[in-house]
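Single-structure report; data block below.
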Amino acid sequence: MFSARLPGELEPNGFSRALARARASGRLLLDLTETNPTRVGIPYPPALISALADPAAAAYAPEPRGLLSARAAIAKKGPGRFFDQAAKNRPGPFFDPDHIVLTSSTSEAYSLIFKLLCDPGDRVLVPQPSYPLFDLLTRLDAVDAAPYMLEHHGVWSIDRHSLTRASTSRTRAVLVVSPNNPTGSMLRRDDREWLATFAAERQLALIADEVFAEYPLAPRPDAVSLRGEERALTFVLGGLSKSVGLPQMKLAWIEVTGPPDLVAPALDRLDVIADTYLSVSTPVQLAAARLLDEGSAVRAQILARLMQNLATLDQLVQAHPAVSILPPEGGWSVVLRVPAVHREEELVLHLMDKESVIVHPGYFFDFPNEAYLVLSLLPDPMVFRDGVTRVLRAVTESRA
């Protein structure tokens, strides 16, 4: 009696069962998968909470795209300032609040866009490796997610042949994540040019998830944003969850650009969809400008934390030549390549059971082969150093 859009089996996998047992044991676990900024010891200014106390929130006057004051604040102060400055400094509709639609999360933003673009059974192309939530997000909207590969040759780039092969007559959009989670890679300027041309020729939309755009770690000079793209219908996603470390505030946004004859009807239809749900609370919309302002201090602390932990990792890995870092250009994660002596699942379960360290295996993110470990750069620095030390020790001992 249940929808086929949901997985038929809801039993936890082996990793989840082992993690539940480890936590139930009462042992102190060093969690190197933590990505919740509110749980890693970063202080938050009290003004972030007081910003929600605007008396105007007592009145309810919803707008399908969200309150104009919030959209104007995002248009003026939204993320992505650290790259593609030349393109961003052009006058264009991506600074127009009327081209912004507010949602309660980026997951909801995806859902609105899928509803806008796709009929049941239509296809969107998603990068691999990348965040595993996309399979479920597309499935819940009865959309087929087809992977295209990111290839690594010193740096990550789009495998254009795999993307072309994955595109069919039912393809409606190409999804880009930049910086990518977990690879930390950014969209290249030549890949953007190729993608925009490819999408325009095939009448496809581009969906760019740029939620980590405020966290450059070592961006290449040719890293670019899709903000302001005008050759193809383009949706750029951002949100408070990552841009200012406020996942609990539940405010995200979609910036819509592209050919005018596509942008206007897209926004009109998004109005209908968004007006059906009206999911974004009034208090957080009224507080948006202050949250973006006050949250800059949190963002700075998060970036400092990421850089500190990445430097620690660089230092520790130098003593373990069998382990290498796939250098991230941005975001909150880092990927380690380790010797494929054991299967990834065996290794992460061993780390959890014997070393009390939690890391993610690469196969969670659809890496094409083994062996990779994915770590968050967000944990407390002492926890991070101790956890990484145990990981490297265990990996080295496994080769003996």
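Identifiers in the structure tokens: chain A, B, ... in order shown; residue index from 1 per chain; ligand index from 1 in order shown.
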
Discussion item. If we count only C-alpha atoms and set the cut-off at 10 Å, which residues sit around Gln308 of chain A, ignoring sequence neighbours fewer than 3 positions away in its own chain? Please answer as a PyMOL selection string.
Written reply: chain A and resi 302-305+311-314+377-378+381+384

Can you write out the residues you just picked, keeping N, CA and C atoms, as a short mmCIF file (atom, residue, chain, number, x, y, z; two decimals), in the first residue's frame?
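Result went into part-v9.cif, see below:
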```cif
data_model
loop_
_atom_site.label_atom_id
_atom_site.label_comp_id
_atom_site.auth_asym_id
_atom_site.auth_seq_id
_atom_site.Cartn_x
_atom_site.Cartn_y
_atom_site.Cartn_z
N ILE A 302 34.10 29.19 10.90
CA ILE A 302 34.04 27.90 10.22
C ILE A 302 35.19 27.77 9.23
N LEU A 303 35.43 28.82 8.44
CA LEU A 303 36.51 28.76 7.46
C LEU A 303 37.86 28.58 8.16
N ALA A 304 38.06 29.29 9.26
CA ALA A 304 39.32 29.14 10.00
C ALA A 304 39.47 27.71 10.52
N ARG A 305 38.37 27.12 10.98
CA ARG A 305 38.40 25.74 11.47
C ARG A 305 38.76 24.78 10.33
N ALA A 311 45.28 21.84 7.45
CA ALA A 311 46.72 21.94 7.68
C ALA A 311 47.21 20.81 8.58
N THR A 312 46.43 20.47 9.60
CA THR A 312 46.77 19.35 10.47
C THR A 312 46.84 18.05 9.68
N LEU A 313 45.86 17.85 8.83
CA LEU A 313 45.84 16.63 8.01
C LEU A 313 47.07 16.57 7.10
N ASP A 314 47.39 17.68 6.46
CA ASP A 314 48.58 17.73 5.59
C ASP A 314 49.83 17.33 6.37
N LEU A 377 35.96 18.23 7.72
CA LEU A 377 36.97 19.15 8.26
C LEU A 377 36.40 20.03 9.37
N LEU A 378 35.18 19.75 9.80
CA LEU A 378 34.50 20.63 10.74
C LEU A 378 34.72 20.30 12.22
N PRO A 381 39.30 20.83 16.61
CA PRO A 381 40.66 20.52 16.17
C PRO A 381 41.34 19.40 16.95
N PHE A 384 39.79 16.22 15.82
CA PHE A 384 40.24 15.93 14.45
C PHE A 384 41.64 15.36 14.45
#
```

Fill in: Polymer residues at most 10 Å from Gln203 of chain A, only C-alpha atoms, same-chain spacing of 6 or more positions, as an MDAnalysis selection string
chainID A and resid 171:173 197 232:233

Item to complete: For each of A:Ala142, A:Ala22, A:Val334, A:Ala61, take the minimum atom-to-atom distance to Ser185 of chain A, counting only C-alpha atoms, then give the residue where this is smallest.
Response: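 Once distances to Ser185 of chain A are computed over only C-alpha atoms, the minimum belongs to A:Val334.
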
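Residues surrounding segment 283-285 of chain A within 10 Å are A:Ala51, A:Leu52, A:Ala53, A:Asp54, A:Pro55, A:Ala56, A:Ala57, A:Ala58, A:Ala59, A:Tyr60, A:Gly66, A:Leu67, A:Leu68, A:Ser69, A:Ala70, A:Arg71, A:Ala73, A:Leu102, A:Ser104, A:Met249, A:Lys250, A:Leu251, A:Val280, A:Ser281, A:Ala287, A:Ala288, A:Ala289, A:Arg290, A:Leu291 [only C-alpha atoms; sequence separation below 2 positions excluded].
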
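Ranking A:His360, A:Arg65, A:Lys354, A:Arg227 by their shortest atom-to-atom distance to Leu278 of chain A, with only C-alpha atoms included, puts A:Arg65 first.
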
Item to complete: Please provide as a PyMOL selection string all residues within 12 Å of Val101 of chain A, with the sequence filter that same-chain residues fewer than 4 positions apart are discarded (counting only C-alpha atoms).
Response: chain A and resi 63-68+70-72+74-75+94+96-97+105-106+108-110+112-113+235-239+251-257+266-275+278-280+285

Write out, as a compact mmCIF listing (two decimals), in the first residue's frame, the residues just selected, with N, CA and C atoms.
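Just written: out01.txt:
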```
# COMPACT_ATOMS: atom_id res chain seq x y z
N GLU A 63 4.20 35.74 0.34
CA GLU A 63 4.46 35.95 -1.08
C GLU A 63 5.03 34.65 -1.63
N PRO A 64 4.58 34.19 -2.79
CA PRO A 64 5.04 32.90 -3.31
C PRO A 64 6.56 32.76 -3.38
N ARG A 65 7.24 33.82 -3.82
CA ARG A 65 8.71 33.75 -3.93
C ARG A 65 9.40 34.07 -2.62
N GLY A 66 8.66 34.48 -1.61
CA GLY A 66 9.24 34.90 -0.34
C GLY A 66 9.18 36.40 -0.19
N LEU A 67 9.32 36.88 1.03
CA LEU A 67 9.23 38.31 1.29
C LEU A 67 10.32 39.06 0.51
N LEU A 68 9.93 40.18 -0.06
CA LEU A 68 10.85 40.96 -0.87
C LEU A 68 12.08 41.39 -0.08
N ALA A 70 13.65 39.83 2.26
CA ALA A 70 14.59 38.72 2.36
C ALA A 70 15.27 38.47 1.02
N ARG A 71 14.50 38.52 -0.05
CA ARG A 71 15.08 38.28 -1.37
C ARG A 71 16.07 39.39 -1.74
N ALA A 72 15.76 40.62 -1.34
CA ALA A 72 16.68 41.73 -1.62
C ALA A 72 17.99 41.56 -0.85
N ILE A 74 19.34 38.74 0.10
CA ILE A 74 20.10 37.64 -0.52
C ILE A 74 20.72 38.10 -1.84
N ALA A 75 19.96 38.87 -2.63
CA ALA A 75 20.50 39.38 -3.89
C ALA A 75 21.72 40.26 -3.66
N PHE A 94 20.88 38.30 -12.02
CA PHE A 94 21.14 37.56 -10.79
C PHE A 94 21.27 38.48 -9.59
N ASP A 96 18.77 40.65 -9.20
CA ASP A 96 17.38 41.08 -9.16
C ASP A 96 16.61 40.21 -8.17
N PRO A 97 16.07 40.78 -7.08
CA PRO A 97 15.30 39.97 -6.12
C PRO A 97 14.14 39.22 -6.75
N SER A 105 14.77 24.77 2.50
CA SER A 105 16.03 24.03 2.46
C SER A 105 16.43 23.85 1.00
N THR A 106 17.67 23.47 0.78
CA THR A 106 18.08 23.18 -0.59
C THR A 106 17.43 21.88 -1.07
N GLU A 108 14.38 21.02 -0.47
CA GLU A 108 13.09 21.47 -1.00
C GLU A 108 13.27 22.22 -2.31
N ALA A 109 14.35 22.98 -2.42
CA ALA A 109 14.62 23.69 -3.68
C ALA A 109 14.73 22.71 -4.84
N TYR A 110 15.46 21.62 -4.62
CA TYR A 110 15.53 20.59 -5.67
C TYR A 110 14.14 20.09 -6.03
N LEU A 112 11.23 21.54 -5.80
CA LEU A 112 10.48 22.52 -6.58
C LEU A 112 10.95 22.54 -8.03
N ILE A 113 12.26 22.47 -8.22
CA ILE A 113 12.80 22.52 -9.58
C ILE A 113 12.43 21.25 -10.35
N PHE A 235 19.47 27.42 -12.54
CA PHE A 235 19.00 27.57 -11.16
C PHE A 235 20.21 27.38 -10.24
N VAL A 236 20.54 28.41 -9.46
CA VAL A 236 21.67 28.33 -8.54
C VAL A 236 21.12 28.32 -7.12
N LEU A 237 21.54 27.31 -6.35
CA LEU A 237 21.01 27.09 -5.00
C LEU A 237 22.00 27.54 -3.95
N GLY A 238 21.47 28.16 -2.90
CA GLY A 238 22.26 28.53 -1.73
C GLY A 238 21.39 28.46 -0.51
N GLY A 239 21.99 28.68 0.67
CA GLY A 239 21.18 28.61 1.88
C GLY A 239 21.97 28.99 3.12
N LEU A 251 16.33 28.28 5.87
CA LEU A 251 16.12 29.24 4.79
C LEU A 251 17.14 28.97 3.69
N ALA A 252 16.63 28.73 2.50
CA ALA A 252 17.47 28.53 1.32
C ALA A 252 16.86 29.32 0.18
N TRP A 253 17.54 29.29 -0.97
CA TRP A 253 17.03 30.09 -2.08
C TRP A 253 17.48 29.51 -3.42
N ILE A 254 16.72 29.91 -4.43
CA ILE A 254 17.02 29.57 -5.82
C ILE A 254 17.16 30.87 -6.59
N GLU A 255 18.29 31.04 -7.29
CA GLU A 255 18.45 32.17 -8.20
C GLU A 255 18.21 31.66 -9.62
N VAL A 256 17.35 32.34 -10.35
CA VAL A 256 16.95 31.88 -11.69
C VAL A 256 17.47 32.87 -12.73
N THR A 257 18.25 32.35 -13.68
CA THR A 257 18.72 33.17 -14.79
C THR A 257 18.61 32.36 -16.08
N ALA A 266 9.36 30.26 -16.27
CA ALA A 266 9.84 29.42 -15.18
C ALA A 266 9.47 30.02 -13.83
N LEU A 267 9.69 31.33 -13.68
CA LEU A 267 9.34 31.99 -12.43
C LEU A 267 7.84 31.97 -12.18
N ASP A 268 7.05 32.16 -13.22
CA ASP A 268 5.59 32.11 -13.06
C ASP A 268 5.16 30.74 -12.55
N ARG A 269 5.75 29.69 -13.07
CA ARG A 269 5.39 28.35 -12.64
C ARG A 269 5.93 28.02 -11.26
N LEU A 270 7.11 28.54 -10.95
CA LEU A 270 7.62 28.37 -9.59
C LEU A 270 6.72 29.07 -8.58
N ASP A 271 6.13 30.20 -8.98
CA ASP A 271 5.15 30.87 -8.11
C ASP A 271 4.01 29.93 -7.74
N VAL A 272 3.51 29.21 -8.73
CA VAL A 272 2.39 28.30 -8.47
C VAL A 272 2.81 27.19 -7.51
N ILE A 273 3.99 26.61 -7.76
CA ILE A 273 4.46 25.52 -6.90
C ILE A 273 4.72 26.02 -5.48
N ALA A 274 5.47 27.12 -5.37
CA ALA A 274 5.82 27.64 -4.05
C ALA A 274 4.58 28.11 -3.29
N ASP A 275 3.64 28.71 -4.00
CA ASP A 275 2.42 29.18 -3.36
C ASP A 275 1.58 28.02 -2.83
N LEU A 278 4.09 27.25 0.56
CA LEU A 278 4.40 28.38 1.46
C LEU A 278 5.13 27.89 2.71
N SER A 279 6.27 27.24 2.49
CA SER A 279 6.94 26.51 3.57
C SER A 279 7.89 27.36 4.41
N VAL A 280 8.26 28.54 3.94
CA VAL A 280 9.27 29.32 4.66
C VAL A 280 8.59 30.19 5.72
N GLN A 285 12.38 34.93 7.40
CA GLN A 285 12.47 35.83 6.25
C GLN A 285 12.71 37.26 6.71
```

Discussion item. If DSSP is run on the backbone, what residues of segment 174-385 of chain A are alpha helix (DSSP H)? A reply as an MDAnalysis selection string would be ideal.
Written reply: chainID A and resid 189:202 240:243 260:277 282:286 288:317 344:354 381:385

Please, could you write that set of residues out with C-alpha atoms as a compact mmCIF listing (two decimals), in the first residue's frame?
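As a result, selection38.txt now contains:
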```txt
# COMPACT_ATOMS: atom_id res chain seq x y z
CA ARG A 189 35.64 27.77 -16.58
CA ASP A 190 36.02 25.55 -19.64
CA ASP A 191 33.53 23.05 -18.21
CA ARG A 192 31.07 25.87 -17.62
CA GLU A 193 31.42 27.02 -21.23
CA TRP A 194 30.94 23.49 -22.51
CA LEU A 195 27.97 22.82 -20.18
CA ALA A 196 26.17 26.03 -21.11
CA THR A 197 26.53 25.29 -24.81
CA PHE A 198 25.50 21.65 -24.34
CA ALA A 199 22.43 22.63 -22.29
CA ALA A 200 21.35 25.37 -24.70
CA GLU A 201 21.65 23.10 -27.74
CA ARG A 202 19.61 20.33 -26.10
CA LEU A 240 21.87 29.73 5.44
CA SER A 241 22.67 26.16 6.48
CA LYS A 242 26.15 26.34 4.99
CA SER A 243 26.73 29.97 4.04
CA PRO A 260 14.31 35.81 -20.89
CA ASP A 261 11.78 33.74 -22.83
CA LEU A 262 12.48 30.86 -20.44
CA VAL A 263 13.12 32.71 -17.18
CA ALA A 264 9.75 34.50 -17.07
CA PRO A 265 7.58 31.38 -17.54
CA ALA A 266 9.84 29.42 -15.18
CA LEU A 267 9.34 31.99 -12.43
CA ASP A 268 5.59 32.11 -13.06
CA ARG A 269 5.39 28.35 -12.64
CA LEU A 270 7.62 28.37 -9.59
CA ASP A 271 5.15 30.87 -8.11
CA VAL A 272 2.39 28.30 -8.47
CA ILE A 273 4.46 25.52 -6.90
CA ALA A 274 5.82 27.64 -4.05
CA ASP A 275 2.42 29.18 -3.36
CA THR A 276 1.01 25.68 -2.93
CA TYR A 277 3.35 24.98 -0.01
CA THR A 282 7.88 34.63 8.32
CA PRO A 283 10.33 35.18 11.24
CA VAL A 284 13.33 33.81 9.36
CA GLN A 285 12.47 35.83 6.25
CA LEU A 286 12.22 39.03 8.26
CA ALA A 288 17.36 37.28 6.68
CA ALA A 289 19.34 40.51 6.31
CA ARG A 290 20.53 40.44 9.93
CA LEU A 291 21.32 36.73 9.77
CA LEU A 292 23.50 37.28 6.72
CA ASP A 293 25.26 40.19 8.44
CA GLU A 294 25.72 38.66 11.90
CA GLY A 295 26.40 35.24 10.46
CA SER A 296 29.55 36.46 8.76
CA ALA A 297 31.37 36.00 12.09
CA VAL A 298 30.26 32.37 12.21
CA ARG A 299 31.30 31.85 8.61
CA ALA A 300 34.76 33.24 9.37
CA GLN A 301 35.14 30.85 12.31
CA ILE A 302 34.04 27.90 10.22
CA LEU A 303 36.51 28.76 7.46
CA ALA A 304 39.32 29.14 10.00
CA ARG A 305 38.40 25.74 11.47
CA LEU A 306 38.42 24.09 8.04
CA MET A 307 41.81 25.57 7.19
CA GLN A 308 43.28 24.56 10.56
CA ASN A 309 42.12 20.97 10.25
CA LEU A 310 43.26 20.72 6.64
CA ALA A 311 46.72 21.94 7.68
CA THR A 312 46.77 19.35 10.47
CA LEU A 313 45.84 16.63 8.01
CA ASP A 314 48.58 17.73 5.59
CA GLN A 315 51.12 17.58 8.40
CA LEU A 316 50.07 14.16 9.69
CA VAL A 317 49.82 12.51 6.28
CA GLU A 344 36.37 0.09 2.54
CA GLU A 345 33.54 -1.25 4.66
CA GLU A 346 35.88 -3.55 6.58
CA LEU A 347 38.25 -0.66 7.17
CA VAL A 348 35.64 1.82 8.44
CA LEU A 349 34.08 -0.84 10.69
CA HIS A 350 37.52 -1.67 12.07
CA LEU A 351 38.16 2.02 12.73
CA MET A 352 34.84 2.30 14.52
CA ASP A 353 35.25 -0.90 16.57
CA LYS A 354 38.96 -0.83 17.41
CA PRO A 381 40.66 20.52 16.17
CA MET A 382 41.74 18.26 19.04
CA VAL A 383 39.16 15.65 18.07
CA PHE A 384 40.24 15.93 14.45
CA ARG A 385 43.94 15.51 15.19
```
